[in-house]
$ cat final_2.pdb   # PDB, C-alpha atoms and all ligand atoms
ATOM      1  CA  MET A   1     -59.143  52.004 110.844
ATOM      2  CA  GLN A   2     -57.408  49.211 112.651
ATOM      3  CA  ALA A   3     -54.417  48.022 110.670
ATOM      4  CA  GLN A   4     -53.990  44.404 111.556
ATOM      5  CA  TRP A   5     -51.980  43.155 108.630
ATOM      6  CA  HIS A   6     -48.650  44.948 108.613
ATOM      7  CA  VAL A   7     -46.942  44.886 105.224
ATOM      8  CA  ALA A   8     -43.554  46.385 104.365
ATOM      9  CA  ASP A   9     -40.754  46.155 101.800
ATOM     10  CA  ALA A  10     -37.059  46.935 101.930
ATOM     11  CA  THR A  11     -33.822  46.231 100.082
ATOM     12  CA  ILE A  12     -31.439  44.255 102.292
ATOM     13  CA  MET A  13     -28.700  41.694 101.501
ATOM     14  CA  GLY A  14     -28.740  43.056  97.967
ATOM     15  CA  THR A  15     -32.257  41.816  97.393
ATOM     16  CA  SER A  16     -35.915  42.711  97.871
ATOM     17  CA  VAL A  17     -37.351  41.831 101.231
ATOM     18  CA  HIS A  18     -41.063  41.597 101.913
ATOM     19  CA  VAL A  19     -42.708  41.159 105.320
ATOM     20  CA  GLU A  20     -46.362  40.586 106.234
ATOM     21  CA  LEU A  21     -47.524  39.906 109.748
ATOM     22  CA  TRP A  22     -50.747  40.001 111.681
ATOM     23  CA  HIS A  23     -50.922  41.919 114.937
ATOM     24  CA  PRO A  24     -53.950  43.778 116.335
ATOM     25  CA  ASP A  25     -51.850  46.683 117.577
ATOM     26  CA  VAL A  26     -50.413  49.138 115.033
ATOM     27  CA  ARG A  27     -47.362  50.219 117.004
ATOM     28  CA  THR A  28     -46.328  46.712 117.991
ATOM     29  CA  GLY A  29     -46.880  45.482 114.446
ATOM     30  CA  LYS A  30     -44.663  48.216 113.032
ATOM     31  CA  ALA A  31     -41.973  47.604 115.643
ATOM     32  CA  LEU A  32     -41.924  43.904 114.807
ATOM     33  CA  VAL A  33     -41.518  44.615 111.088
ATOM     34  CA  ALA A  34     -38.596  46.896 111.969
ATOM     35  CA  SER A  35     -37.019  44.180 114.094
ATOM     36  CA  VAL A  36     -37.177  41.760 111.161
ATOM     37  CA  PHE A  37     -35.361  44.291 108.953
ATOM     38  CA  ASP A  38     -32.773  44.783 111.724
ATOM     39  CA  GLU A  39     -32.212  41.045 111.986
ATOM     40  CA  LEU A  40     -31.649  40.743 108.232
ATOM     41  CA  ARG A  41     -29.181  43.654 108.329
ATOM     42  CA  ARG A  42     -27.336  42.061 111.253
ATOM     43  CA  ILE A  43     -26.906  38.789 109.337
ATOM     44  CA  ASP A  44     -25.746  40.706 106.259
ATOM     45  CA  ARG A  45     -23.075  42.525 108.333
ATOM     46  CA  LEU A  46     -21.888  39.147 109.610
ATOM     47  CA  MET A  47     -21.916  37.164 106.369
ATOM     48  CA  SER A  48     -21.636  39.494 103.385
ATOM     49  CA  PRO A  49     -18.661  38.717 101.128
ATOM     50  CA  TYR A  50     -18.823  42.344  99.919
ATOM     51  CA  LYS A  51     -18.433  43.965 103.341
ATOM     52  CA  GLU A  52     -14.775  44.040 104.332
ATOM     53  CA  ALA A  53     -15.601  44.090 108.025
ATOM     54  CA  SER A  54     -17.827  40.990 107.930
ATOM     55  CA  GLU A  55     -16.659  37.861 109.696
ATOM     56  CA  LEU A  56     -16.942  36.030 106.393
ATOM     57  CA  SER A  57     -14.527  38.480 104.729
ATOM     58  CA  ARG A  58     -12.117  37.949 107.611
ATOM     59  CA  ILE A  59     -12.185  34.196 106.961
ATOM     60  CA  ASN A  60     -11.552  34.775 103.247
ATOM     61  CA  ARG A  61      -8.622  37.112 104.018
ATOM     62  CA  ASP A  62      -6.844  35.065 106.673
ATOM     63  CA  GLY A  63      -8.363  31.579 106.718
ATOM     64  CA  GLY A  64      -5.929  30.215 104.122
ATOM     65  CA  GLN A  65      -3.004  30.953 106.449
ATOM     66  CA  HIS A  66      -4.388  30.162 109.902
ATOM     67  CA  THR A  67      -7.576  29.410 111.810
ATOM     68  CA  VAL A  68      -9.878  32.373 112.316
ATOM     69  CA  LYS A  69     -12.048  32.853 115.364
ATOM     70  CA  VAL A  70     -15.606  33.902 114.524
ATOM     71  CA  SER A  71     -19.061  33.832 116.104
ATOM     72  CA  ALA A  72     -20.677  30.509 116.991
ATOM     73  CA  GLU A  73     -23.528  31.509 114.694
ATOM     74  CA  LEU A  74     -21.298  31.711 111.611
ATOM     75  CA  VAL A  75     -19.493  28.463 112.459
ATOM     76  CA  SER A  76     -22.859  26.790 112.829
ATOM     77  CA  LEU A  77     -24.140  27.951 109.407
ATOM     78  CA  ILE A  78     -20.874  26.884 107.763
ATOM     79  CA  ARG A  79     -21.256  23.455 109.357
ATOM     80  CA  GLN A  80     -24.833  23.269 108.140
ATOM     81  CA  SER A  81     -23.509  24.045 104.642
ATOM     82  CA  GLN A  82     -20.974  21.248 104.972
ATOM     83  CA  ARG A  83     -23.735  18.794 105.859
ATOM     84  CA  ILE A  84     -25.597  19.789 102.683
ATOM     85  CA  SER A  85     -22.330  19.274 100.754
ATOM     86  CA  GLU A  86     -22.110  15.737 102.097
ATOM     87  CA  LEU A  87     -25.779  15.061 101.391
ATOM     88  CA  THR A  88     -25.394  16.283  97.791
ATOM     89  CA  HIS A  89     -21.935  14.779  97.194
ATOM     90  CA  GLY A  90     -20.465  18.208  96.663
ATOM     91  CA  ALA A  91     -23.133  19.748  94.387
ATOM     92  CA  PHE A  92     -23.588  22.322  97.147
ATOM     93  CA  ASP A  93     -20.192  23.683  98.109
ATOM     94  CA  ILE A  94     -19.543  27.103  99.632
ATOM     95  CA  THR A  95     -15.909  26.924  98.442
ATOM     96  CA  PHE A  96     -17.331  27.395  94.902
ATOM     97  CA  ALA A  97     -16.337  30.998  95.686
ATOM     98  CA  SER A  98     -12.677  30.133  95.026
ATOM     99  CA  VAL A  99     -13.762  30.361  91.364
ATOM    100  CA  GLY A 100     -16.996  32.300  91.859
ATOM    101  CA  PHE A 101     -15.271  35.531  92.832
ATOM    102  CA  ALA A 102     -13.685  35.674  89.352
ATOM    103  CA  TYR A 103     -17.147  36.107  87.780
ATOM    104  CA  ASP A 104     -18.836  39.482  87.662
ATOM    105  CA  TYR A 105     -22.290  39.251  86.130
ATOM    106  CA  ARG A 106     -22.833  43.004  85.963
ATOM    107  CA  SER A 107     -19.737  43.668  83.902
ATOM    108  CA  ALA A 108     -19.991  40.329  82.013
ATOM    109  CA  THR A 109     -16.614  39.160  83.313
ATOM    110  CA  ARG A 110     -15.610  35.534  83.601
ATOM    111  CA  PRO A 111     -12.317  33.690  84.109
ATOM    112  CA  ASP A 112     -10.651  32.391  80.933
ATOM    113  CA  ARG A 113      -9.677  28.709  80.660
ATOM    114  CA  GLY A 114      -6.219  29.152  82.259
ATOM    115  CA  ARG A 115      -7.483  31.205  85.169
ATOM    116  CA  LEU A 116     -10.365  28.799  85.758
ATOM    117  CA  ASP A 117      -8.005  25.820  85.817
ATOM    118  CA  ALA A 118      -5.733  27.585  88.301
ATOM    119  CA  LEU A 119      -8.569  28.546  90.646
ATOM    120  CA  HIS A 120     -10.566  25.331  90.367
ATOM    121  CA  SER A 121      -8.456  23.299  92.794
ATOM    122  CA  GLY A 122      -9.644  25.664  95.530
ATOM    123  CA  ILE A 123     -13.143  24.183  95.311
ATOM    124  CA  ASP A 124     -13.537  21.351  97.813
ATOM    125  CA  TYR A 125     -15.652  21.607 100.917
ATOM    126  CA  ARG A 126     -13.373  19.033 102.564
ATOM    127  CA  ASN A 127     -10.662  21.722 102.691
ATOM    128  CA  LEU A 128     -12.782  23.607 105.212
ATOM    129  CA  ILE A 129     -12.049  22.839 108.835
ATOM    130  CA  THR A 130     -14.500  24.049 111.460
ATOM    131  CA  ASP A 131     -14.248  23.678 115.214
ATOM    132  CA  ALA A 132     -17.550  24.308 116.982
ATOM    133  CA  THR A 133     -16.015  24.203 120.479
ATOM    134  CA  ALA A 134     -13.235  26.687 119.698
ATOM    135  CA  SER A 135     -15.557  28.584 117.304
ATOM    136  CA  THR A 136     -12.939  28.682 114.557
ATOM    137  CA  VAL A 137     -12.798  28.175 110.798
ATOM    138  CA  SER A 138      -9.833  27.365 108.581
ATOM    139  CA  LEU A 139      -9.816  27.260 104.775
ATOM    140  CA  GLY A 140      -7.087  24.635 104.779
ATOM    141  CA  ARG A 141      -4.814  26.338 102.274
ATOM    142  CA  PRO A 142      -4.301  29.632 100.428
ATOM    143  CA  GLY A 143      -6.553  30.306  97.450
ATOM    144  CA  VAL A 144      -9.708  28.874  99.022
ATOM    145  CA  LYS A 145     -12.657  31.248  99.440
ATOM    146  CA  ILE A 146     -16.174  30.774 100.741
ATOM    147  CA  ASP A 147     -19.523  32.459 100.063
ATOM    148  CA  LEU A 148     -22.814  31.686 101.797
ATOM    149  CA  GLY A 149     -24.979  33.190  99.012
ATOM    150  CA  GLY A 150     -26.666  29.826  98.432
ATOM    151  CA  ILE A 151     -27.983  29.534 101.995
ATOM    152  CA  ALA A 152     -27.707  32.832 103.910
ATOM    153  CA  LYS A 153     -30.988  34.342 102.723
ATOM    154  CA  GLY A 154     -32.924  31.254 103.713
ATOM    155  CA  TYR A 155     -31.182  31.308 107.068
ATOM    156  CA  ALA A 156     -32.005  34.986 107.540
ATOM    157  CA  VAL A 157     -35.654  34.360 106.678
ATOM    158  CA  GLU A 158     -35.798  31.421 109.068
ATOM    159  CA  ARG A 159     -34.271  33.524 111.874
ATOM    160  CA  SER A 160     -36.748  36.337 111.230
ATOM    161  CA  ILE A 161     -39.700  33.976 111.491
ATOM    162  CA  GLY A 162     -38.229  32.553 114.720
ATOM    163  CA  LEU A 163     -38.008  36.055 116.111
ATOM    164  CA  LEU A 164     -41.654  36.786 115.261
ATOM    165  CA  GLN A 165     -42.699  33.498 116.798
ATOM    166  CA  GLN A 166     -40.904  34.418 120.032
ATOM    167  CA  HIS A 167     -43.017  37.572 120.109
ATOM    168  CA  GLY A 168     -46.198  35.549 119.897
ATOM    169  CA  ILE A 169     -46.944  36.146 116.204
ATOM    170  CA  GLY A 170     -48.997  33.362 114.658
ATOM    171  CA  HIS A 171     -49.421  34.564 111.063
ATOM    172  CA  ALA A 172     -46.566  35.994 109.026
ATOM    173  CA  LEU A 173     -44.625  35.817 105.782
ATOM    174  CA  VAL A 174     -41.010  36.847 105.248
ATOM    175  CA  THR A 175     -39.379  36.845 101.789
ATOM    176  CA  ALA A 176     -35.786  37.701 100.895
ATOM    177  CA  GLY A 177     -35.185  37.359  97.147
ATOM    178  CA  GLY A 178     -36.122  33.807  96.223
ATOM    179  CA  ASP A 179     -36.560  32.556  99.773
ATOM    180  CA  THR A 180     -39.817  32.679 101.711
ATOM    181  CA  ARG A 181     -41.023  31.257 104.995
ATOM    182  CA  VAL A 182     -44.599  31.543 106.211
ATOM    183  CA  LEU A 183     -45.718  31.246 109.810
ATOM    184  CA  GLY A 184     -49.154  29.714 110.269
ATOM    185  CA  ASP A 185     -51.752  30.435 107.604
ATOM    186  CA  ARG A 186     -53.259  33.679 106.312
ATOM    187  CA  ARG A 187     -55.931  33.593 109.019
ATOM    188  CA  GLY A 188     -58.275  30.953 107.718
ATOM    189  CA  ARG A 189     -56.763  30.331 104.297
ATOM    190  CA  PRO A 190     -53.340  29.213 103.131
ATOM    191  CA  TRP A 191     -50.681  31.610 101.941
ATOM    192  CA  LEU A 192     -50.328  31.487  98.158
ATOM    193  CA  VAL A 193     -46.772  31.820  96.915
ATOM    194  CA  GLY A 194     -46.146  32.133  93.182
ATOM    195  CA  VAL A 195     -43.323  30.380  91.360
ATOM    196  CA  ARG A 196     -41.929  32.572  88.601
ATOM    197  CA  HIS A 197     -41.597  31.422  85.025
ATOM    198  CA  PRO A 198     -37.842  31.308  84.340
ATOM    199  CA  ARG A 199     -38.142  32.831  80.850
ATOM    200  CA  ALA A 200     -41.181  35.136  81.131
ATOM    201  CA  ARG A 201     -40.748  37.777  83.777
ATOM    202  CA  SER A 202     -44.400  38.490  84.500
ATOM    203  CA  LYS A 203     -45.638  34.880  84.255
ATOM    204  CA  LEU A 204     -46.031  32.330  87.023
ATOM    205  CA  ILE A 205     -45.678  28.590  86.464
ATOM    206  CA  THR A 206     -47.842  27.878  89.490
ATOM    207  CA  ARG A 207     -49.042  29.150  92.862
ATOM    208  CA  LEU A 208     -48.469  26.898  95.852
ATOM    209  CA  PRO A 209     -50.690  26.989  98.947
ATOM    210  CA  LEU A 210     -48.454  27.042 102.035
ATOM    211  CA  ASP A 211     -49.121  26.713 105.737
ATOM    212  CA  ASN A 212     -46.192  26.987 108.124
ATOM    213  CA  GLU A 213     -43.687  26.095 105.406
ATOM    214  CA  ALA A 214     -40.717  27.453 103.513
ATOM    215  CA  ILE A 215     -40.192  27.797  99.763
ATOM    216  CA  SER A 216     -37.020  28.663  97.844
ATOM    217  CA  THR A 217     -36.407  29.157  94.155
ATOM    218  CA  SER A 218     -33.044  29.159  92.403
ATOM    219  CA  GLY A 219     -32.937  30.312  88.805
ATOM    220  CA  ASP A 220     -30.481  31.095  86.049
ATOM    221  CA  TYR A 221     -32.283  34.377  85.322
ATOM    222  CA  GLU A 222     -31.408  36.432  88.429
ATOM    223  CA  ARG A 223     -27.796  37.269  87.726
ATOM    224  CA  PHE A 224     -26.388  36.347  84.341
ATOM    225  CA  PHE A 225     -24.889  37.537  81.086
ATOM    226  CA  GLU A 226     -24.728  35.930  77.676
ATOM    227  CA  GLU A 227     -21.709  35.469  75.477
ATOM    228  CA  ASP A 228     -21.862  33.747  72.063
ATOM    229  CA  GLY A 229     -25.293  32.377  72.961
ATOM    230  CA  VAL A 230     -24.059  30.844  76.232
ATOM    231  CA  ARG A 231     -25.619  31.925  79.496
ATOM    232  CA  TYR A 232     -23.192  32.539  82.374
ATOM    233  CA  HIS A 233     -25.067  32.768  85.660
ATOM    234  CA  HIS A 234     -24.493  32.719  89.391
ATOM    235  CA  ILE A 235     -24.984  29.039  90.229
ATOM    236  CA  ILE A 236     -21.691  27.253  89.771
ATOM    237  CA  ASN A 237     -21.163  23.545  89.252
ATOM    238  CA  PRO A 238     -18.281  22.806  91.647
ATOM    239  CA  ARG A 239     -17.031  20.002  89.363
ATOM    240  CA  THR A 240     -16.435  22.332  86.408
ATOM    241  CA  GLY A 241     -16.247  25.834  87.860
ATOM    242  CA  ASP A 242     -18.679  26.828  85.083
ATOM    243  CA  SER A 243     -22.381  27.743  85.484
ATOM    244  CA  ALA A 244     -24.648  24.738  86.069
ATOM    245  CA  ARG A 245     -26.502  24.098  82.800
ATOM    246  CA  GLN A 246     -28.916  21.219  83.410
ATOM    247  CA  VAL A 247     -31.995  23.253  84.360
ATOM    248  CA  GLN A 248     -33.546  26.743  84.288
ATOM    249  CA  SER A 249     -35.093  26.866  87.748
ATOM    250  CA  VAL A 250     -35.648  24.812  90.870
ATOM    251  CA  THR A 251     -38.202  25.367  93.601
ATOM    252  CA  VAL A 252     -38.000  23.472  96.884
ATOM    253  CA  VAL A 253     -40.742  23.423  99.544
ATOM    254  CA  GLY A 254     -40.225  22.142 103.085
ATOM    255  CA  PRO A 255     -40.344  22.906 106.790
ATOM    256  CA  ASP A 256     -37.128  24.971 107.078
ATOM    257  CA  ALA A 257     -35.992  27.910 104.918
ATOM    258  CA  THR A 258     -32.271  27.370 105.525
ATOM    259  CA  GLN A 259     -32.659  23.873 104.100
ATOM    260  CA  THR A 260     -34.968  24.809 101.211
ATOM    261  CA  ASP A 261     -32.464  27.514 100.213
ATOM    262  CA  GLY A 262     -29.470  25.172 100.306
ATOM    263  CA  LEU A 263     -31.420  22.421  98.592
ATOM    264  CA  SER A 264     -32.750  24.568  95.735
ATOM    265  CA  THR A 265     -29.192  25.597  94.865
ATOM    266  CA  SER A 266     -28.094  21.941  95.204
ATOM    267  CA  VAL A 267     -30.827  20.526  92.974
ATOM    268  CA  PHE A 268     -30.048  23.225  90.415
ATOM    269  CA  VAL A 269     -26.519  21.822  90.170
ATOM    270  CA  MET A 270     -27.596  18.152  90.324
ATOM    271  CA  GLY A 271     -30.146  18.352  87.495
ATOM    272  CA  VAL A 272     -33.488  16.593  87.044
ATOM    273  CA  GLU A 273     -32.699  12.956  87.735
ATOM    274  CA  ARG A 274     -30.317  13.235  90.667
ATOM    275  CA  GLY A 275     -32.222  16.228  92.054
ATOM    276  CA  LEU A 276     -35.578  14.429  92.114
ATOM    277  CA  ALA A 277     -33.954  11.366  93.698
ATOM    278  CA  LEU A 278     -32.433  13.536  96.429
ATOM    279  CA  ILE A 279     -35.675  15.348  97.271
ATOM    280  CA  ASP A 280     -37.736  12.133  97.148
ATOM    281  CA  SER A 281     -35.328  10.687  99.724
ATOM    282  CA  LEU A 282     -35.950  13.552 102.183
ATOM    283  CA  ASN A 283     -38.962  13.597 104.486
ATOM    284  CA  GLY A 284     -41.146  16.704 104.145
ATOM    285  CA  TYR A 285     -39.381  18.235 101.118
ATOM    286  CA  GLU A 286     -40.801  18.613  97.606
ATOM    287  CA  THR A 287     -39.510  20.171  94.412
ATOM    288  CA  ILE A 288     -40.583  21.579  91.047
ATOM    289  CA  ILE A 289     -37.821  21.618  88.449
ATOM    290  CA  VAL A 290     -37.959  23.449  85.114
ATOM    291  CA  ASP A 291     -35.455  21.673  82.884
ATOM    292  CA  ARG A 292     -33.402  23.299  80.134
ATOM    293  CA  HIS A 293     -36.172  22.762  77.583
ATOM    294  CA  GLY A 294     -38.740  24.417  79.845
ATOM    295  CA  GLU A 295     -40.427  21.130  80.846
ATOM    296  CA  LEU A 296     -41.722  20.762  84.402
ATOM    297  CA  HIS A 297     -40.783  17.912  86.746
ATOM    298  CA  TYR A 298     -42.380  17.280  90.153
ATOM    299  CA  SER A 299     -41.216  15.266  93.155
ATOM    300  CA  GLN A 300     -43.472  12.398  94.258
ATOM    301  CA  GLY A 301     -45.403  14.282  96.972
ATOM    302  CA  LEU A 302     -46.264  17.220  94.678
ATOM    303  CA  GLU A 303     -47.343  14.948  91.883
ATOM    304  CA  ALA A 304     -49.817  13.515  94.384
ATOM    305  CA  ARG A 305     -51.017  17.024  95.427
TER     306      ARG A 305
HETATM  307  P1  LIG B 401     -30.457  33.514  94.951
HETATM  308  O1  LIG B 401     -29.192  34.072  95.520
HETATM  309  O2  LIG B 401     -30.846  34.115  93.647
HETATM  310  O3  LIG B 401     -31.585  33.403  95.929
HETATM  311  P2  LIG B 401     -29.667  30.739  95.179
HETATM  312  O4  LIG B 401     -30.251  30.467  96.488
HETATM  313  O5  LIG B 401     -29.815  29.675  94.163
HETATM  314  O6  LIG B 401     -30.164  32.047  94.494
HETATM  315  O7  LIG B 401     -28.161  30.979  95.410
HETATM  316  C1  LIG B 401     -27.279  31.338  94.401
HETATM  317  C2  LIG B 401     -26.046  31.774  95.093
HETATM  318  O8  LIG B 401     -25.444  30.624  95.705
HETATM  319  C3  LIG B 401     -24.986  32.325  94.187
HETATM  320  O9  LIG B 401     -25.158  33.699  93.985
HETATM  321  C4  LIG B 401     -23.737  32.010  94.973
HETATM  322  O10 LIG B 401     -23.534  32.974  95.974
HETATM  323  C5  LIG B 401     -24.056  30.706  95.654
HETATM  324  N1  LIG B 401     -23.625  29.488  94.924
HETATM  325  C6  LIG B 401     -23.406  29.331  93.587
HETATM  326  N2  LIG B 401     -23.064  28.067  93.284
HETATM  327  C7  LIG B 401     -23.044  27.384  94.460
HETATM  328  C8  LIG B 401     -22.764  26.032  94.813
HETATM  329  N3  LIG B 401     -22.446  25.119  93.904
HETATM  330  N4  LIG B 401     -22.852  25.685  96.128
HETATM  331  C9  LIG B 401     -23.188  26.612  97.072
HETATM  332  N5  LIG B 401     -23.457  27.888  96.803
HETATM  333  C10 LIG B 401     -23.410  28.282  95.519
HETATM  334 MG    MG B 402     -30.203  28.626  97.596
END

$ encode --input "final_2.pdb" --output "structure tokens" --more "lines below"
Ligand code: ADP
Ligand code: MG
Amino acid sequence: MQAQWHVADATIMGTSVHVELWHPDVRTGKALVASVFDELRRIDRLMSPYKEASELSRINRDGGQHTVKVSAELVSLIRQSQRISELTHGAFDITFASVGFAYDYRSATRPDRGRLDALHSGIDYRNLITDATASTVSLGRPGVKIDLGGIAKGYAVERSIGLLQQHGIGHALVTAGGDTRVLGDRRGRPWLVGVRHPRARSKLITRLPLDNEAISTSGDYERFFEEDGVRYHHIINPRTGDSARQVQSVTVVGPDATQTDGLSTSVFVMGVERGLALIDSLNGYETIIVDRHGELHYSQGLEAR
């Protein structure tokens, strides 16, 4: 039998990764899947906040005292994050981590009022100073921390697809957690990517046909704990330092997975009204928002579809 679709799964960047690609040759197909996994592991080594040796950890250790020299790649993704911060007026802000690190969803730990107030002043993307020419990053002052969790998976997926494209692949899908990018179609028909129901694990709210596009979902159901009926989850509103509570899930579709990832986290923080206005103002991007009552909201282009 000639295996032309190569399908494989792995756990990388703390999440499930799924790859599908079409190649007529078995060995080449397998090697390309392996190179995607390697690329994702490389990005994780560079950007993980949990790996002490990562460049990102080095910034968090020393960047409050002095500028830190890192790879051009990391500087570039941090700058891309800053542009999304400006676009969203601070709803997306990688310095959320100044407070974010005090939450631990597995052990149901969160900062109390006093601790939150003390850490909160560390959140402000304008504290971050990047120099693309010198390839340096500074956190501006002690107490500031950064985390690329809201954009790194989309970036990694986008890079993987780029790599496959360079090797002449025309049909592929790469998913890391809630971020997916497809290359081409599924040989004659569109890829169908399901959007999970935020409150019913096995249910989908819809399936979207995709051709050469990216899709990202941010939800309050991935990492959370409940205390006195309040859900504490991993998407933080930079204004309050508390979990964002306007919506249950946000899906963003568009041409680039780095952007759809950053934007889905952003819209989650911004809520229905401001989120729809943002996405409707961007060319090529669409969104489906599930609000806190479970009602669906679509951006203009999807409503038309
Ligand atoms: P997932 O990691 O489940 O794919 P998201 O793409 O929505 O989900 O990203 C959530 C992650 O984004 C959090 O785990 C955290 O690392 C980071 N994050 C949380 N709040 C913000 C924020 N306001 N701005 C930027 N990043 C954030
Ligand atoms: Mg995101």

$ residues_near_point --input "final_2.pdb" --point "(-31.4, 38.8, 99.3)" --cutoff "7 Å" --atoms "all atoms listed in the file" --output "ChimeraX atom specification"
/A:12-17,153,176-177

$ residues_around --input "final_2.pdb" --residues "A:Leu119" --least-positions-apart "5" --cutoff "12 Å" --atoms "all atoms listed in the file" --output "PyMOL selection string"
chain A and resi 95-103+111-114+124+142-145+238+240-242

$ resolve_selection --input "final_2.pdb" --expression "the PyMOL selection byres (((not hetatm)) within 9 of (chain B and resi 401))" --output "number ranges by chain"
A: 15, 81, 85, 90-97, 100, 146-154, 176-179, 216-223, 233-239, 241, 243-244, 249-250, 260-266, 268-269

$ closest_residue --input "final_2.pdb" --among "A:Arg83, A:Lys203, A:Lys69, A:Arg181" --to "A:Tyr155" --atoms "only C-alpha atoms"
A:Arg181

$ atom_distance --input "final_2.pdb" --atom1 "atom CA of A:Thr287" --atom2 "atom CA of A:Ala10"
27.9 Å

$ atom_distance --input "final_2.pdb" --atom1 "atom CA of A:Ser299" --atom2 "atom CA of A:Arg186"
25.6 Å

$ resolve_selection --input "final_2.pdb" --expression "the PyMOL selection byres (((chain A and resi 211) around 9) and not hetatm)" --output "list of chain:residue names"
A:Val182, A:Leu183, A:Gly184, A:Asp185, A:Arg186, A:Arg189, A:Pro190, A:Trp191, A:Pro209, A:Leu210, A:Asn212, A:Glu213, A:Ala214

$ resolve_selection --input "final_2.pdb" --expression "the PyMOL selection byres (((chain A and resi 67) around 7) and not hetatm)" --output "list in words"
Gly63, His66, Val68, Lys69, Thr136, Val137 and Ser138 of chain A

$ atom_distance --input "final_2.pdb" --atom1 "atom CA of A:His171" --atom2 "atom CA of A:Gly284"
20.9 Å

$ closest_residue --input "final_2.pdb" --among "A:Val252, A:Val157, A:Val193, A:Ala53" --to "A:Leu302" --atoms "only C-alpha atoms"
A:Val252

$ closest_residue --input "final_2.pdb" --among "A:Val36, A:Thr206, A:Ala156, A:Gly229" --to "A:Tyr298" --atoms "all atoms listed in the file"
A:Thr206

$ axis_aligned_box --input "final_2.pdb" --around "stretch 138-144 of chain A" --padding-each-side "4 Å" --output "AutoDock Vina command-line options"
--center_x -7.1 --center_y 27.5 --center_z 103.0 --size_x 13.5 --size_y 13.7 --size_z 19.1

$ closest_residue --input "final_2.pdb" --among "A:His293, A:Glu158, A:Arg187, A:Ala31" --to "A:Gly170" --atoms "all atoms listed in the file"
A:Arg187

$ closest_residue --input "final_2.pdb" --among "A:Arg45, A:His6, A:Arg207, A:His23" --to "A:Gln165" --atoms "all atoms listed in the file"
A:His23

$ build_atoms --input "final_2.pdb" --residues "stretch 289-300 of chain A" --atoms "N, CA, C and O atoms" --output "PDB file, keeping the file's coordinate frame"
ATOM      1  N   ILE A 289     -39.000  21.278  89.249  1.00  0.00           N
ATOM      2  CA  ILE A 289     -37.821  21.618  88.449  1.00  0.00           C
ATOM      3  C   ILE A 289     -38.273  21.988  87.031  1.00  0.00           C
ATOM      4  O   ILE A 289     -39.082  21.289  86.433  1.00  0.00           O
ATOM      5  N   VAL A 290     -37.757  23.108  86.526  1.00  0.00           N
ATOM      6  CA  VAL A 290     -37.959  23.449  85.114  1.00  0.00           C
ATOM      7  C   VAL A 290     -36.652  23.103  84.404  1.00  0.00           C
ATOM      8  O   VAL A 290     -35.613  23.709  84.697  1.00  0.00           O
ATOM      9  N   ASP A 291     -36.708  22.110  83.517  1.00  0.00           N
ATOM     10  CA  ASP A 291     -35.455  21.673  82.884  1.00  0.00           C
ATOM     11  C   ASP A 291     -35.036  22.633  81.773  1.00  0.00           C
ATOM     12  O   ASP A 291     -35.699  23.647  81.525  1.00  0.00           O
ATOM     13  N   ARG A 292     -33.953  22.321  81.088  1.00  0.00           N
ATOM     14  CA  ARG A 292     -33.402  23.299  80.134  1.00  0.00           C
ATOM     15  C   ARG A 292     -34.264  23.476  78.894  1.00  0.00           C
ATOM     16  O   ARG A 292     -34.070  24.404  78.132  1.00  0.00           O
ATOM     17  N   HIS A 293     -35.236  22.574  78.692  1.00  0.00           N
ATOM     18  CA  HIS A 293     -36.172  22.762  77.583  1.00  0.00           C
ATOM     19  C   HIS A 293     -37.463  23.441  78.035  1.00  0.00           C
ATOM     20  O   HIS A 293     -38.399  23.581  77.254  1.00  0.00           O
ATOM     21  N   GLY A 294     -37.537  23.773  79.325  1.00  0.00           N
ATOM     22  CA  GLY A 294     -38.740  24.417  79.845  1.00  0.00           C
ATOM     23  C   GLY A 294     -39.792  23.437  80.344  1.00  0.00           C
ATOM     24  O   GLY A 294     -40.901  23.842  80.708  1.00  0.00           O
ATOM     25  N   GLU A 295     -39.472  22.145  80.359  1.00  0.00           N
ATOM     26  CA  GLU A 295     -40.427  21.130  80.846  1.00  0.00           C
ATOM     27  C   GLU A 295     -40.411  21.072  82.366  1.00  0.00           C
ATOM     28  O   GLU A 295     -39.357  21.196  82.987  1.00  0.00           O
ATOM     29  N   LEU A 296     -41.600  20.833  82.942  1.00  0.00           N
ATOM     30  CA  LEU A 296     -41.722  20.762  84.402  1.00  0.00           C
ATOM     31  C   LEU A 296     -41.576  19.339  84.921  1.00  0.00           C
ATOM     32  O   LEU A 296     -42.063  18.393  84.295  1.00  0.00           O
ATOM     33  N   HIS A 297     -40.925  19.211  86.075  1.00  0.00           N
ATOM     34  CA  HIS A 297     -40.783  17.912  86.746  1.00  0.00           C
ATOM     35  C   HIS A 297     -41.137  18.098  88.212  1.00  0.00           C
ATOM     36  O   HIS A 297     -40.681  19.061  88.833  1.00  0.00           O
ATOM     37  N   TYR A 298     -41.945  17.179  88.757  1.00  0.00           N
ATOM     38  CA  TYR A 298     -42.380  17.280  90.153  1.00  0.00           C
ATOM     39  C   TYR A 298     -41.867  16.109  90.975  1.00  0.00           C
ATOM     40  O   TYR A 298     -41.817  14.979  90.478  1.00  0.00           O
ATOM     41  N   SER A 299     -41.551  16.363  92.246  1.00  0.00           N
ATOM     42  CA  SER A 299     -41.216  15.266  93.155  1.00  0.00           C
ATOM     43  C   SER A 299     -42.498  14.496  93.482  1.00  0.00           C
ATOM     44  O   SER A 299     -43.611  14.979  93.219  1.00  0.00           O
ATOM     45  N   GLN A 300     -42.331  13.303  94.069  1.00  0.00           N
ATOM     46  CA  GLN A 300     -43.472  12.398  94.258  1.00  0.00           C
ATOM     47  C   GLN A 300     -44.640  13.028  95.025  1.00  0.00           C
ATOM     48  O   GLN A 300     -45.786  12.919  94.616  1.00  0.00           O
TER      49      GLN A 300
END
